[in-house]
Amino acid sequence: MSIHKVEGIVLKTQPFRSSSLIVTFFTKEAGKIRGVVKGVHREGEIRQAGFEIFTRAEIIFYEKRRSDLHLISDAAILESNDPIRNRLESIVYGSYFCELVDELTEVQDPHPEIFELLRTAFRFLSVVPPEKLTTVFTVKLLGAMGWIPYTDGCVSCGARPLEKGYFSVKQGALLCEACRSKDGGAPAITPVALALLRVFIRNEMRECLEHSHFSYALNEVQRLLTQFLNFRIGKVLRTKRFIDSVRSALVK
Ligand SMILES: [Zn+2]
């Protein structure tokens with residue numbers, strides 16, 4: 001077994017046997033890592049030991065050769081991200097970011113930009129509207145995975161510039177009016193939503209968050225991205241279902 005020291009953000013903690021945990025974290029150096037922590041299972045212990053969700057810590061683990069479940073020996077807290085825990089809303093959205101990263105990434109596939117994205121998103125989570133942050137976070141995460149929606153022109157015939165069109169969820173790309181039949185289920189995207197999506201694709205997270213927009217355009221971009229994600233993942237995430245149910249209860 002080789003020993004490693006990495007910097008990681010806790011994505012998930014699950015009880016394991018009577019007195020241990022399985023912790024999933026996303027590291028700067030090695031991507032997603034899963035490991036067993038022995039002798040820690042009560043809530044207070046988990047928090048103190050640096051294995052609570054959202055915590056950024058320096059982690060020491062022993063790498064198992066024949067399993068992707070390693071042995072974690074220690075975590076030194078670098079940033080507890082407590083402001084996220086102060087409001088139910090930021091807990092819920094922060095949990096969604098963690099579940100999305102966990103779902104989209106493979107173990108031990110390094111993506112330092114995803115680590116930085118998560119770290120930045122946590123910093124903004126208690127200060128900016130979570131809906132907008134979530135949309136920008138999703139675009140940036142898709143970019144890091146190489147799944148950024150193609151919006152330069154029609155993916156089928158190459159027609160451009162395209163100021164309105166249809167968004168093929170299956171292809172993650174735009175289709176023009178003439179090519180819509182290639183994906184009959186592709187929903188229309190309005191010019192304002194398309195322009196906003198392009199802003200999110202082309203700019204850094206901070207600039208995207210500062211960019212002013214119409215709320216209906218943001219809703220439209222968010223809806224299309226959710227459909228695209230659900231198609232790629234093949235299911236609706238648990239935390240996303242929760243967000244949607246809370247949102248619809250608030251609207252009623
Ligand atoms: Zn076309």
# chains A, B, ... in the order shown; residues from 1 in each chain; ligands from 1
call {"tool": "select_by_dssp", "arguments": {"residues": "range 26-247 of chain A", "states": "helix (DSSP H, G or I)", "output": "PyMOL selection string"}}
result
chain A and resi 43-48+82-85+88-104+112-125+130-144+180-183+191-202+205-210+215-233+238-247
call {"tool": "residues_near_ligand", "arguments": {"ligand": "ligand 1", "cutoff": "9 Å", "atoms": "only C-alpha atoms and all ligand atoms", "output": "PyMOL selection string"}}
result
chain A and resi 153-160+174-180
call {"tool": "closest_residue", "arguments": {"among": "A:Val136, A:Ile77, A:Leu11, A:Val107", "to": "Ile33 in chain A", "atoms": "only C-alpha atoms"}}
result
A:Val107
call {"tool": "atom_distance", "arguments": {"atom1": "CA of Val37 in chain A", "atom2": "CA of Leu21 in chain A"}}
result
5.2 Å
call {"tool": "residues_around", "arguments": {"residues": "range 137-139 of chain A", "least_positions_apart": "5", "cutoff": "9 Å", "atoms": "only C-alpha atoms", "output": "PyMOL selection string"}}
result
chain A and resi 97+100+117-118+121+132+144+147-149+197+200-201+205+222+225-226+229
call {"tool": "write_last_selection", "arguments": {"atoms": "C-alpha atoms", "output": "PDB file, in the first residue's frame"}}
result
ATOM      1  CA  PHE A  97     -23.304  20.396  -6.445  1.00  0.00           C
ATOM      2  CA  LEU A 100     -23.648  16.250  -9.485  1.00  0.00           C
ATOM      3  CA  LEU A 117     -14.975  24.957  -9.529  1.00  0.00           C
ATOM      4  CA  LEU A 118     -16.478  23.316  -6.446  1.00  0.00           C
ATOM      5  CA  ALA A 121     -19.031  27.665  -6.002  1.00  0.00           C
ATOM      6  CA  LYS A 132     -28.105  31.425 -10.995  1.00  0.00           C
ATOM      7  CA  ALA A 144     -14.794  20.362 -17.605  1.00  0.00           C
ATOM      8  CA  TRP A 147     -19.848  18.031 -22.650  1.00  0.00           C
ATOM      9  CA  ILE A 148     -20.301  21.726 -23.200  1.00  0.00           C
ATOM     10  CA  PRO A 149     -23.435  22.383 -25.312  1.00  0.00           C
ATOM     11  CA  LEU A 197     -26.222  30.407 -22.397  1.00  0.00           C
ATOM     12  CA  PHE A 200     -22.180  31.408 -19.415  1.00  0.00           C
ATOM     13  CA  ILE A 201     -20.145  29.235 -21.794  1.00  0.00           C
ATOM     14  CA  MET A 205     -17.743  32.143 -13.226  1.00  0.00           C
ATOM     15  CA  GLN A 222     -31.751  26.010 -16.484  1.00  0.00           C
ATOM     16  CA  LEU A 225     -29.554  22.119 -19.080  1.00  0.00           C
ATOM     17  CA  THR A 226     -31.514  19.958 -16.629  1.00  0.00           C
ATOM     18  CA  LEU A 229     -28.126  16.404 -17.739  1.00  0.00           C
TER      19      LEU A 229
END
call {"tool": "closest_residue", "arguments": {"among": "A:Val192, A:Ala173, A:Val10, A:Val246", "to": "Phe26 in chain A", "atoms": "only C-alpha atoms"}}
result
A:Val10
call {"tool": "residues_around", "arguments": {"residues": "Ala49 in chain A", "least_positions_apart": "2", "cutoff": "8 Å", "atoms": "only C-alpha atoms", "output": "JSON, numbers by chain"}}
result
{"A": [40, 45, 46, 47, 51, 74, 75, 76, 77]}
call {"tool": "residues_around", "arguments": {"residues": "Arg34 in chain A", "least_positions_apart": "3", "cutoff": "9 Å", "atoms": "only C-alpha atoms", "output": "list in words"}}
result
Ile22, Val23, Thr24, Phe25, Phe26, Asp68, Leu69, His70, Leu71, Ile72 and Val107 of chain A
call {"tool": "write_last_selection", "arguments": {"atoms": "N, CA and C atoms", "output": "PDB file, in the first residue's frame"}}
result
ATOM      1  N   ILE A  22     -17.670   5.454   5.078  1.00  0.00           N
ATOM      2  CA  ILE A  22     -17.069   5.525   3.747  1.00  0.00           C
ATOM      3  C   ILE A  22     -17.218   6.979   3.321  1.00  0.00           C
ATOM      4  N   VAL A  23     -16.080   7.601   3.014  1.00  0.00           N
ATOM      5  CA  VAL A  23     -16.098   9.007   2.618  1.00  0.00           C
ATOM      6  C   VAL A  23     -15.692   9.122   1.147  1.00  0.00           C
ATOM      7  N   THR A  24     -16.472   9.917   0.410  1.00  0.00           N
ATOM      8  CA  THR A  24     -16.127  10.210  -0.986  1.00  0.00           C
ATOM      9  C   THR A  24     -15.690  11.654  -1.031  1.00  0.00           C
ATOM     10  N   PHE A  25     -14.499  11.894  -1.560  1.00  0.00           N
ATOM     11  CA  PHE A  25     -14.107  13.297  -1.692  1.00  0.00           C
ATOM     12  C   PHE A  25     -13.501  13.551  -3.065  1.00  0.00           C
ATOM     13  N   PHE A  26     -13.556  14.818  -3.461  1.00  0.00           N
ATOM     14  CA  PHE A  26     -12.998  15.193  -4.744  1.00  0.00           C
ATOM     15  C   PHE A  26     -11.696  15.920  -4.488  1.00  0.00           C
ATOM     16  N   ASP A  68     -10.905   0.149  -5.306  1.00  0.00           N
ATOM     17  CA  ASP A  68     -10.890   1.614  -5.332  1.00  0.00           C
ATOM     18  C   ASP A  68     -11.430   2.187  -4.021  1.00  0.00           C
ATOM     19  N   LEU A  69     -11.555   1.321  -3.031  1.00  0.00           N
ATOM     20  CA  LEU A  69     -11.933   1.773  -1.690  1.00  0.00           C
ATOM     21  C   LEU A  69     -10.660   1.755  -0.843  1.00  0.00           C
ATOM     22  N   HIS A  70     -10.122   2.935  -0.567  1.00  0.00           N
ATOM     23  CA  HIS A  70      -8.831   3.032   0.116  1.00  0.00           C
ATOM     24  C   HIS A  70      -9.025   3.165   1.624  1.00  0.00           C
ATOM     25  N   LEU A  71      -7.903   3.329   2.330  1.00  0.00           N
ATOM     26  CA  LEU A  71      -7.973   3.477   3.780  1.00  0.00           C
ATOM     27  C   LEU A  71      -7.533   4.899   4.139  1.00  0.00           C
ATOM     28  N   ILE A  72      -8.463   5.659   4.700  1.00  0.00           N
ATOM     29  CA  ILE A  72      -8.139   7.047   5.042  1.00  0.00           C
ATOM     30  C   ILE A  72      -7.699   7.097   6.503  1.00  0.00           C
ATOM     31  N   VAL A 107     -13.938   7.508 -10.508  1.00  0.00           N
ATOM     32  CA  VAL A 107     -12.901   7.544  -9.467  1.00  0.00           C
ATOM     33  C   VAL A 107     -11.507   7.644 -10.103  1.00  0.00           C
TER      34      VAL A 107
END
call {"tool": "residues_around", "arguments": {"residues": "Ile189 in chain A", "least_positions_apart": "6", "cutoff": "9 Å", "atoms": "only C-alpha atoms", "output": "PyMOL selection string"}}
result
chain A and resi 164-167+174+220-221+224
call {"tool": "residues_around", "arguments": {"residues": "range 80-83 of chain A", "least_positions_apart": "6", "cutoff": "12 Å", "atoms": "only C-alpha atoms", "output": "number ranges by chain"}}
result
A: 8-10, 47-58, 89-91, 94, 118-127
